[in-house]
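**Q** One structure is given below, represented as C-alpha cells, and several questions about it will come after.
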There are 4 protein chains.
Amino acid sequence: MKTLSDHVSVLVPKLQNWRRDLHRFAESGWLEFRTATLVAEELRQLGYQLQLGREVIAAEARMGLPDAETLRQQEARALAQGALAQWLPHFSGGFCGIVATLDTGRPGPVMGFRVDMDALDLNESQAADHLPQREGFGSCNPGMMHACAHDGHTTIGLGLATVVMAMKVQLSGVIKLIFQPAEEGVRGAKAMVEAGVVDDVDLFTAIHLGTGVPAGELVCGNDSFLATTKLDVHFTGVGAHAGGKPEAGRNALLAAAQATLGLYSLPQHSGGVARINVGVLQAGSGRNVVADTALMKLETRGVSNQVNDDIYQQALRVIAGAAAMYGVEYQVKLMGAARSCTPTQPWVDFIHQQAVALGEFNSVIDRTAQAAGSEDATYMMERVKQRGGQATYLIFGCDLAAGHHNARFDFNEQVMATAVKTLATLALNQAQFGGGQ
Amino acid sequence: MKTLSDHVSVLVPKLQNWRRDLHRFAESGWLEFRTATLVAEELRQLGYQLQLGREVIAAEARMGLPDAETLRQQEARALAQGALAQWLPHFSGGFCGIVATLDTGRPGPVMGFRVDMDALDLNESQAADHLPQREGFGSCNPGMMHACAHDGHTTIGLGLATVVMAMKVQLSGVIKLIFQPAEEGVRGAKAMVEAGVVDDVDLFTAIHLGTGVPAGELVCGNDSFLATTKLDVHFTGVGAHAGGKPEAGRNALLAAAQATLGLYSLPQHSGGVARINVGVLQAGSGRNVVADTALMKLETRGVSNQVNDDIYQQALRVIAGAAAMYGVEYQVKLMGAARSCTPTQPWVDFIHQQAVALGEFNSVIDRTAQAAGSEDATYMMERVKQRGGQATYLIFGCDLAAGHHNARFDFNEQVMATAVKTLATLALNQAQFGGGQ
Amino acid sequence: MKTLSDHVSVLVPKLQNWRRDLHRFAESGWLEFRTATLVAEELRQLGYQLQLGREVIAAEARMGLPDAETLRQQEARALAQGALAQWLPHFSGGFCGIVATLDTGRPGPVMGFRVDMDALDLNESQAADHLPQREGFGSCNPGMMHACAHDGHTTIGLGLATVVMAMKVQLSGVIKLIFQPAEEGVRGAKAMVEAGVVDDVDLFTAIHLGTGVPAGELVCGNDSFLATTKLDVHFTGVGAHAGGKPEAGRNALLAAAQATLGLYSLPQHSGGVARINVGVLQAGSGRNVVADTALMKLETRGVSNQVNDDIYQQALRVIAGAAAMYGVEYQVKLMGAARSCTPTQPWVDFIHQQAVALGEFNSVIDRTAQAAGSEDATYMMERVKQRGGQATYLIFGCDLAAGHHNARFDFNEQVMATAVKTLATLALNQAQFGGGQ
Amino acid sequence: MKTLSDHVSVLVPKLQNWRRDLHRFAESGWLEFRTATLVAEELRQLGYQLQLGREVIAAEARMGLPDAETLRQQEARALAQGALAQWLPHFSGGFCGIVATLDTGRPGPVMGFRVDMDALDLNESQAADHLPQREGFGSCNPGMMHACAHDGHTTIGLGLATVVMAMKVQLSGVIKLIFQPAEEGVRGAKAMVEAGVVDDVDLFTAIHLGTGVPAGELVCGNDSFLATTKLDVHFTGVGAHAGGKPEAGRNALLAAAQATLGLYSLPQHSGGVARINVGVLQAGSGRNVVADTALMKLETRGVSNQVNDDIYQQALRVIAGAAAMYGVEYQVKLMGAARSCTPTQPWVDFIHQQAVALGEFNSVIDRTAQAAGSEDATYMMERVKQRGGQATYLIFGCDLAAGHHNARFDFNEQVMATAVKTLATLALNQAQFGGGQ
C-alpha cells in the first residue's frame, strides 16, 4: 500500500502547477471567480460532496464587498481568463466560497481545514529577477497580486484533498475542506461562519505560510493575531462658498479632522495591546468650497476581543460626537472584522507531538512573537470553540523573497508538500487524539 | 434765577469728592453694597422717589453672580467701610440696583438716564506717580479697581440728580435715573430690563467716559459695540489612574481641548464681524489622573445680534459634540450678554444739535471707530426701541492716564461737569425734540 | 462717417458667433490653446501688433499649472478641434496669453483693457432646455465649461478690437488689449504682470459680466473682491504597519488634521473680513498603514492685502508647526493669488459720467454689495496704480440662466454689444479725462 | 546570645511609636525637614556614620522642587513641630536625604537598603472611625498625609538600623541605609544616584508595603513598575483683546489644546505598554483676552526605558510643533522620572530562598500583576546593575484600610516587624549568596 510520503511525492509537480496558475490569475477578495470554479471542478473530480456560493456564505454578513459594477466586470474578466462557465453561476455576485466534504462512513469527529483564496490589491513587481516574472507566472491582473501566499494555501487545500481522498480507507469520521474568499481585510470568514459551515466541526485547523517564521519551523498554536474591526465612516455636511457664505456650510472635513484626533486618543488600555489607525481620509471637492463630504477608513485592534470591542465602542462615540460638533450627518459601514486568536491547548499539544514524530521540521514550537496583524479564521475558531470543539492556527515557516504585502513577495514552494503531509497526518492519526474532554 | 452753569459750577468740588470716595472703595460687579447705600441716601435726601434692589432687578435674570459666601463676606466688608446699614437690606444678596424717579407733574415724556457703578477685578497700581495714590484715593479693596470710569459715571448720575432736582420747575414729564450694577462682564442690565425699569422710558440715554475718544469731543450715537454672549462650560468626566486603568476614565480635559479647537473654527460669517474666544481653560487635578473636570470660560461676539446668535448657537453644538466624543457630561452657564448697539437717529440728531449749541465741545460727532468691546446698556436700548422709544449711547471724550482696564487707568475729572451739564440740557430742552414719530 | 453705434450694430451677429464657438470649445485655465490661436489670428487680421506666449507670461510666475502630460494632451486635443497650427508654438507648454497693441501715433495715454479666456473645470448641463444645448453650442470638452462668462469676455475683447481699429483715426495714444489665461483659481494675471504687460498702462480697465448685477446696470468701480492666496500643502511622512509597528510611522494624516484645526483658528482680524478654507484633504493609502502622505488644498482671503497676508503668514506658521509635531516633511505650493480691489476714484468718476451720457444703462453705480469672491485682474490694477496710473473694474449687469459656476449657467448675449460700446466710448473720449493728478 | 527574633520582639512597640509620630507630622516631598532631623539623630545615637543633605543629594538633579518660599515656610513649620535645630542646616533648602553606613571591618559586599520618607499632597480623612484619628495620630499638617506607607518604610529603616547595629559582630562587609526624600512624583532618587550614593553598592534592596499584595505574602523580585517621565510645559504667548485686536494675540491656550491632542496620539508602540496623560491644563486669565499663558502637567510611561524614552522624545516634538503653530514660546521642566524595574534574578532567588526559610510568610513569590505605577528606586537599581551589582524590589503584603493615595489609607503595623526581620536576615546571611557570577 502506498504511504503518505508516496502520495505526496507524486503530487509535488502538480502542487507547483496549481500554485503558479493561481498566482498568474490572481484575484482579489470577493472576486475569486476563476479560482473558485477551478477549485470546484478539481474537488468534484476527486469525488467530494460540494457546497457552493450562497450555501456557504451568508449574503448579509459579507463585509467590504466591491460594488455591483466591479463584481460584474470581474466576473467577465474571469470568464475570459478560463473560469469554468458551468460553475460560475454559484459564485456570481460575490459568493466565491466552497466547502468540500468527505464522509468516511466510519465513526469519528468532523475535522475542518480552512484555506483562503484571495489576492491583494497590489501591482506585482515587473522586475526581471522577480521569480514569478522570470518563470512566467507573474500576475496578469493589474492591481491584483498573490503577495500573501494564499495561492499556496489554496494549493495546499487541493493537495490535501487529493491525498485524503486517495487514503480514505485509512480514515474515519468526516473531513471538511473550507476554501474561503476575502481574507484580506478580514472580510470573508464571518459570512461563512454565519452560513454555519463550521457548526459541526470538532477539530479545526487553519494555516498560513511564512509570516516571518523560518523555513523548517512549525508553529502549532499561533496566537499572534489581534482582534480587529475595520470601518468606513462617511460624513455628509453642507457645501457653501467659503468666501461668500461660510456660515451656511456644515464642514465635513472639519468633523473628520476632529474625529481623527479624538480616535487617536483611545488606545490606552490596561487589557494590553490596543490600536487605532485612520489610514485614509478623503474630504472635500474644491479649494473654495466648504467641504460637504469626508470619508475616513479606519481600524481598531486589540489583543483580546474585549480590548478591541472597547476601543471600537469608544470610536463610535468619538465619531458621533465629532459629527454632532459640526452638525453633519454620518454613516458607519463595517468593512471587516476578526477576533483574537486563542488556540485550544489539547489540539495544539497533539499537533506538536505529531509534527515532531513526522520528522519533517527542524523546530516545532507552540507560539511565536508579538501580536500585530489580524486574521479572520479566528471567527471560525471562535465558533468551533463555542460549540465545544478544538481549534488552532498553524504557521509553516518558509523562505520568502520579500515580506508579505510586498510587490516582490514570493515563497519557496517546497513548503507546500510539507504542509500537505502534515495536515494529512493529522487526518490519518486523529483517532489517537484524546481530545480536550 | 440760577442758570444751569451756575448749578454745575457749585457742584464741581462735590463731584470730585464723590468720585474719589467711590474710587477709594471700589466694588466689583454685584458687590456694590457700599456704593449703592450711599447713592440711595443721596437720592433720598434730594427728594427722589426710589425703587431698590429686587424691585429693579429680576433675580433669575442676573448673570455671573458671585457665590453666596463671597456675597456675604463682601457685604460685611462694605459695612465695615461705611455702607449705610439702613439701606443694606435692600441690596443684600446681590441686588445693588437703584432707580430714582422725579415726576414733574407736567405732561411730557419719560426720560431715562443710565449709569453703572461697578469696578473691575483688578489690583490698582501702587506706583507713587499714579494720581489716585498720590492724592490718597487709590482703591483700598484688593482685586477691585475702578479702571473703567464707572466711578465717574455714578458721580455724573448723582450730579445730574442734584441739578435736575434743583431745576425741576423748568422741567416737564418724568426723569428716571438708573444706577446699574455689574456692567463689567455685561451681567447686570438684562436683570434690570426684565424687572421692567425701562418699560415706560420714551427717551433713553446711556453714557461712557473716555474709550479713546479725545478730550473735548462728544459722540452722540455710538454704535461701536458688539453683541456678545459670555458662557462658562463645565465638563465632568470620570477620573482614573492614567497608568493603571486609562480606559476607565472619561477625559474632560480632552473634551475641552477638542471643543476649543472646534469653537475657533466658527467665526467666519458673511454678516460681518464675528468673534469667539476661549479665554480660560482649567482642567484636571493631578498629573497621573485622567482629568475628570474642565472649565472653559468663553465668549462669542458679533457685529449684529444675528451674527452673535449664529456663532453662539453653533458654539453650543460644538460643545455638546465634544462632550459626546468623550462621554463626558457638561453644563453651560450663561455668565453675561449684551446686544449690538444701534441708536435711533432722531434722538442722536437732537443731541447732536443740543451739544453743538451748548458750546462745551470742540467736536461733536455721531459715530466713531470700529467695533470691538461690548456694553449691556444695549439691552435697555433694545427694550426702549421695541416699545417705540428713542435711545442712544453717548461717549464723552477725556484724557486718560492709561487705557481702560489698565492698573494705571485714571481720567481727567473735568469731564464730569461737562457730562452733567450736557445731560441736564437734554432734560431741560426735551420739549424741543420733535421725536421719531 | 460711421458712428460707434453703426460699428457695433454690424458687429452683433459676429459677437454671437464668436461667443458660441468659444463656448462650444471651452478650455480650462492654461489650456486655452484653441482659443488663443483663434484670437491671435483675428487680431493679426485686424492689424494689431501682437505679443504672444512667453513674451507676455513670465514662466516662473505661473501658478497652478497643470502637469506636463495634461498640457501635452490638451494641446493635441486643441489641434484636433481647430486650433491654428501656425500660432500654437507660441502658446505651447501653458503660455496662452496675448497682448494686442494699437499705437495711434498721436500723443495720449496708454489704455489697457483686460479680458480673460479660460473655462471652469465643470461638466456642462446636458439638459435639453439649457440654451447652449438647445442651440447646439454646449461644451464638447468633458470637465470644461464656460460657466463664468469668460467666453463673453473674450468676445467683447475681439469686438472692442474690431471697433477700435475701425475708428482708429478718431483715437489718440495707445490701446492695449490684454487676453489673459487662467483667471479661474486666480492663477494667470500675476505672470502677465511679471512679464511687464501693464508697466506702461496709464488707464486700466478690467471687466466682468453678470455676478448678480441686474441687467441694464453698470458698476463702474467695483471693489467687491477679496485678496486671496491659494496653496497646496503636501505632507510627507513615513508609512508603517499600524498594528505591528505603529511607532515607526510618521503620520502625515495626523499632521494634516492638526494643521486644519489650527488654520481655522486664524481668521479673526480687526482689519475686516478674513477667511480661511481647507477645501480638500486627501491622505493615506491603506486602512492599516500609518498614512505617509497628505495633501491639503486651501485658501486664505482678506478684505485687504494686509489682512490676507496676515492670515497667510500665520497659515504658513501653523502648517510648519503641525508638520513638526509629527516629524513629517511638507511642501507648500502657491496655486493662485489675487489682490484686493481698489479702483482709483477719478477714473471711476469719468467712466460713471461717460456711461450715463451713453444712455445705454438703466442704472450706473460705483460700488455694489459685500465682498466674497476674488479676481486676479487686481494684480494688474495694483501694478498700474503703483506706477501712477488709473485703474478700475467694471461689471456689466445681465440676465443669467443660473448662477456663476453652475452647470446651467448662461447669460443674455445682448450685453456683449453694450460692453463693446461702453469700452469703445472710453477709448474715444479719454482725452476728456482730466486724470487723477 | 540574643537571636534576631529577640531583637525584633523588643523593637515592636518602638516601631509603632516611630511610625505614628511620623504619620502625625507627615511631610511632603522635599519638605521632610522634621523627619530627616529625627532620623539623623536616631542613627547618630545608634553609632552610624552619616552623610547628609548635599553630600547625598545632587542639587541640580532634584526634580519637582517646591519654590523657595514654600521651602522656607515649611522649614519653619518643621522647627515648630519638633525638628531638631542642630540637624536642620544640613537639610535646609530641600536636601532631606540621609545615608547611614556601618562598616563591619570584615571583608564582604556593600549591601544597600533604601526607604523613602515623604508623604502625599492630600488631606487625611477626618472620619472618627479612621484609625489614625481614633488613635490620635492623624496628620496635623493640612494637605500632607502618609497615604502610601512611607512612614512605615522609614520606620522599617530605623528598625533595621537598630537590629543591624545590635548584631554587627555577626555581620561582614558594609551596610548602607538610604533614606530618600520625594519619592512621590518620582522626584528624589535620581538626585541621590547622581550624588553617588549607590556607586559602591553590590547588593541593593528597595521595599514597599501593601500595593495590593495580600497580608502574609512576599514579592521578591517585583517588576511591576513602568518607566516614566513627568514634565511641566509652560507656553507663553501674547495677550490681546479678543474682540478688538484678536490678530495681535498669540494664543497659548490653543497651542496647549493642539499639543494635548497631539500627545494622546503617541502611545501606540510595538514594545509594549505605553502611556501618556495630560493630567492638568491651566490656561488664560480672562474670558475676553487671548490667553497668553498655558501650563500642561503631563507624564509619559513605558513598559521599558526604551518605550518610555520613545514616547517622551515624540512628546517633546509634539510640544515644540504646537508652540510653533501659534508662535508661542514654551519651556519644558522635568518634574520627575523613573526607570523600568528589572530585578537581577540571582538576588531574587536568594531572597526567595531566605524568605521561605524564615517561615514568616504564607506565600513567597517572585513577580506579581500587571504594570501600572512607577517608582524611582529604579534609578538606584539601574545604577547598581550598571556597575555589576545585584538589585531587587521587595513588596511586603499587608492589610490596608483603603487603597494607596486614598484619604482613609492605613496599614496593619504588624508588617513592619516582619519586614525588619526579613531585611536583617539578608544582612546576616549574605555570605551564603553565591552572587550573580
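How things are named: the first chain in the C-alpha cells is A, the next is B, and so on; residues count from 1 in each chain; ligands count from 1 in the order shown.
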Show me, as a ChimeraX atom specification, the residues of chain C whose atoms get within 10 Å of chain B, using only C-alpha atoms for the distance check.

**A** /C:258,260-277,370-372

**Q** Write out as a list of chain:residue names which residues come within 8 Å of Asn308 of chain A when counting only C-alpha atoms, dropping same-chain ones fewer than 5 positions away.

**A**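 Once the nearby chain positions are removed, what remains is A:Ala227, A:Thr228, A:Thr229, A:Ala274, A:Thr300, A:Arg301, A:Gly302, A:Val303.
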
**Q** Could those selected residues go to a file with N, CA and C atoms, as a short mmCIF file (atom, residue, chain, number, x, y, z; two decimals), in the first residue's frame?

**A**
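Just written: selection-v7.cif:
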data_model
loop_
_atom_site.label_atom_id
_atom_site.label_comp_id
_atom_site.auth_asym_id
_atom_site.auth_seq_id
_atom_site.Cartn_x
_atom_site.Cartn_y
_atom_site.Cartn_z
N ALA A 227 -7.48 40.96 17.57
CA ALA A 227 -8.88 41.20 17.19
C ALA A 227 -8.94 42.56 16.50
N THR A 228 -9.81 42.69 15.54
CA THR A 228 -9.84 43.95 14.80
C THR A 228 -11.23 44.23 14.25
N THR A 229 -11.49 45.51 14.04
CA THR A 229 -12.70 45.95 13.34
C THR A 229 -12.28 47.00 12.32
N ALA A 274 -3.61 47.69 22.27
CA ALA A 274 -4.78 48.33 21.67
C ALA A 274 -4.27 49.26 20.58
N THR A 300 -9.73 49.44 14.28
CA THR A 300 -9.31 49.28 15.67
C THR A 300 -8.73 47.89 15.80
N ARG A 301 -7.87 47.70 16.80
CA ARG A 301 -7.33 46.37 17.09
C ARG A 301 -7.16 46.22 18.60
N GLY A 302 -7.15 44.97 19.02
CA GLY A 302 -6.93 44.73 20.43
C GLY A 302 -6.38 43.34 20.64
N VAL A 303 -5.61 43.21 21.70
CA VAL A 303 -5.01 41.91 21.99
C VAL A 303 -6.08 40.87 22.30
#

**Q** Using only C-alpha atoms, which residues sit within 10 Å of Val289 of chain B once same-chain residues fewer than 4 positions away are excluded, as a count of residues only?

**A** 19

**Q** One decimal, Å: what's the distance from atom CA of Ser28 of chain C over to atom CA of Gln126 of chain C, could you say?

**A**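 The value is 18.7 Å.
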
**Q** Mind checking DSSP for segment 24-258 of chain B and telling me the helix (DSSP H, G or I) residues as a PyMOL selection string?

**A** chain B and resi 24+33-46+53-55+59-61+68-80+88-91+131-134+150-166+168-170+189-194+246-248+252-258

**Q** So which residues touch Gly93 of chain D within 12 Å, counting only C-alpha atoms, skipping near sequence neighbours fewer than 3 positions away, as a list of chain:residue names?

**A**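 Non-adjacent residues within range: D:Trp30, D:Leu31, D:Glu32, D:Phe33, D:Gly53, D:Arg54, D:Ile57, D:Ala59, D:Arg62, D:Leu65, D:Pro66, D:Asp67, D:Ala68, D:Glu69, D:Thr70, D:Leu71, D:Arg72, D:Gln73, D:Gln74, D:Glu75, D:Ala76, D:Leu88, D:Pro89, D:His90, D:Cys96, D:Gly97.
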
**Q** Next, dump the selected residues to file, keeping only N, CA and C atoms, as an mmCIF file, in the first residue's frame.

**A**
data_model
loop_
_atom_site.group_PDB
_atom_site.id
_atom_site.type_symbol
_atom_site.label_atom_id
_atom_site.label_comp_id
_atom_site.auth_asym_id
_atom_site.auth_seq_id
_atom_site.Cartn_x
_atom_site.Cartn_y
_atom_site.Cartn_z
ATOM 1 N N TRP D 30 10.473 66.679 49.460
ATOM 2 C CA TRP D 30 11.497 67.726 49.594
ATOM 3 C C TRP D 30 11.280 68.583 50.838
ATOM 4 N N LEU D 31 10.245 68.266 51.619
ATOM 5 C CA LEU D 31 9.913 69.061 52.797
ATOM 6 C C LEU D 31 10.008 68.217 54.067
ATOM 7 N N GLU D 32 10.773 67.113 54.025
ATOM 8 C CA GLU D 32 10.806 66.159 55.141
ATOM 9 C C GLU D 32 11.801 66.641 56.203
ATOM 10 N N PHE D 33 11.671 67.926 56.582
ATOM 11 C CA PHE D 33 12.669 68.523 57.478
ATOM 12 C C PHE D 33 12.652 67.903 58.870
ATOM 13 N N GLY D 53 22.247 65.528 53.537
ATOM 14 C CA GLY D 53 21.910 66.672 52.679
ATOM 15 C C GLY D 53 22.687 66.694 51.384
ATOM 16 N N ARG D 54 23.433 67.771 51.136
ATOM 17 C CA ARG D 54 24.137 67.956 49.865
ATOM 18 C C ARG D 54 25.188 66.873 49.621
ATOM 19 N N ILE D 57 22.751 64.296 47.960
ATOM 20 C CA ILE D 57 21.744 64.785 47.005
ATOM 21 C C ILE D 57 22.391 65.796 46.066
ATOM 22 N N ALA D 59 22.264 68.715 43.856
ATOM 23 C CA ALA D 59 21.292 69.813 43.822
ATOM 24 C C ALA D 59 20.618 69.935 42.462
ATOM 25 N N ARG D 62 17.780 67.422 41.378
ATOM 26 C CA ARG D 62 16.468 67.373 42.040
ATOM 27 C C ARG D 62 15.377 67.787 41.065
ATOM 28 N N LEU D 65 11.076 70.398 42.618
ATOM 29 C CA LEU D 65 11.318 71.048 43.903
ATOM 30 C C LEU D 65 10.279 72.147 44.142
ATOM 31 N N PRO D 66 9.732 72.250 45.359
ATOM 32 C CA PRO D 66 8.835 73.376 45.656
ATOM 33 C C PRO D 66 9.604 74.693 45.549
ATOM 34 N N ASP D 67 8.864 75.804 45.460
ATOM 35 C CA ASP D 67 9.555 77.093 45.342
ATOM 36 C C ASP D 67 10.220 77.481 46.661
ATOM 37 N N ALA D 68 11.096 78.466 46.567
ATOM 38 C CA ALA D 68 11.929 78.849 47.715
ATOM 39 C C ALA D 68 11.084 79.272 48.906
ATOM 40 N N GLU D 69 10.012 79.976 48.635
ATOM 41 C CA GLU D 69 9.159 80.462 49.714
ATOM 42 C C GLU D 69 8.523 79.283 50.474
ATOM 43 N N THR D 70 8.046 78.316 49.727
ATOM 44 C CA THR D 70 7.458 77.131 50.354
ATOM 45 C C THR D 70 8.508 76.395 51.190
ATOM 46 N N LEU D 71 9.696 76.247 50.650
ATOM 47 C CA LEU D 71 10.768 75.574 51.394
ATOM 48 C C LEU D 71 11.024 76.298 52.717
ATOM 49 N N ARG D 72 11.073 77.603 52.654
ATOM 50 C CA ARG D 72 11.359 78.407 53.848
ATOM 51 C C ARG D 72 10.243 78.233 54.878
ATOM 52 N N GLN D 73 9.005 78.376 54.431
ATOM 53 C CA GLN D 73 7.873 78.259 55.348
ATOM 54 C C GLN D 73 7.792 76.875 55.974
ATOM 55 N N GLN D 74 8.039 75.869 55.183
ATOM 56 C CA GLN D 74 7.914 74.504 55.684
ATOM 57 C C GLN D 74 9.050 74.162 56.640
ATOM 58 N N GLU D 75 10.207 74.750 56.421
ATOM 59 C CA GLU D 75 11.303 74.531 57.368
ATOM 60 C C GLU D 75 10.929 75.135 58.723
ATOM 61 N N ALA D 76 10.306 76.319 58.677
ATOM 62 C CA ALA D 76 9.836 76.955 59.921
ATOM 63 C C ALA D 76 8.770 76.093 60.590
ATOM 64 N N LEU D 88 19.056 70.605 61.229
ATOM 65 C CA LEU D 88 18.295 71.271 60.171
ATOM 66 C C LEU D 88 19.163 71.903 59.075
ATOM 67 N N PRO D 89 20.275 72.545 59.467
ATOM 68 C CA PRO D 89 21.076 73.191 58.402
ATOM 69 C C PRO D 89 21.500 72.232 57.284
ATOM 70 N N HIS D 90 21.697 70.980 57.622
ATOM 71 C CA HIS D 90 22.091 70.016 56.590
ATOM 72 C C HIS D 90 21.009 69.857 55.509
ATOM 73 N N CYS D 96 16.693 66.847 52.046
ATOM 74 C CA CYS D 96 16.384 65.958 53.167
ATOM 75 C C CYS D 96 16.748 64.502 52.890
ATOM 76 N N GLY D 97 17.965 64.212 52.574
ATOM 77 C CA GLY D 97 18.408 62.838 52.370
ATOM 78 C C GLY D 97 19.480 62.442 53.369
#
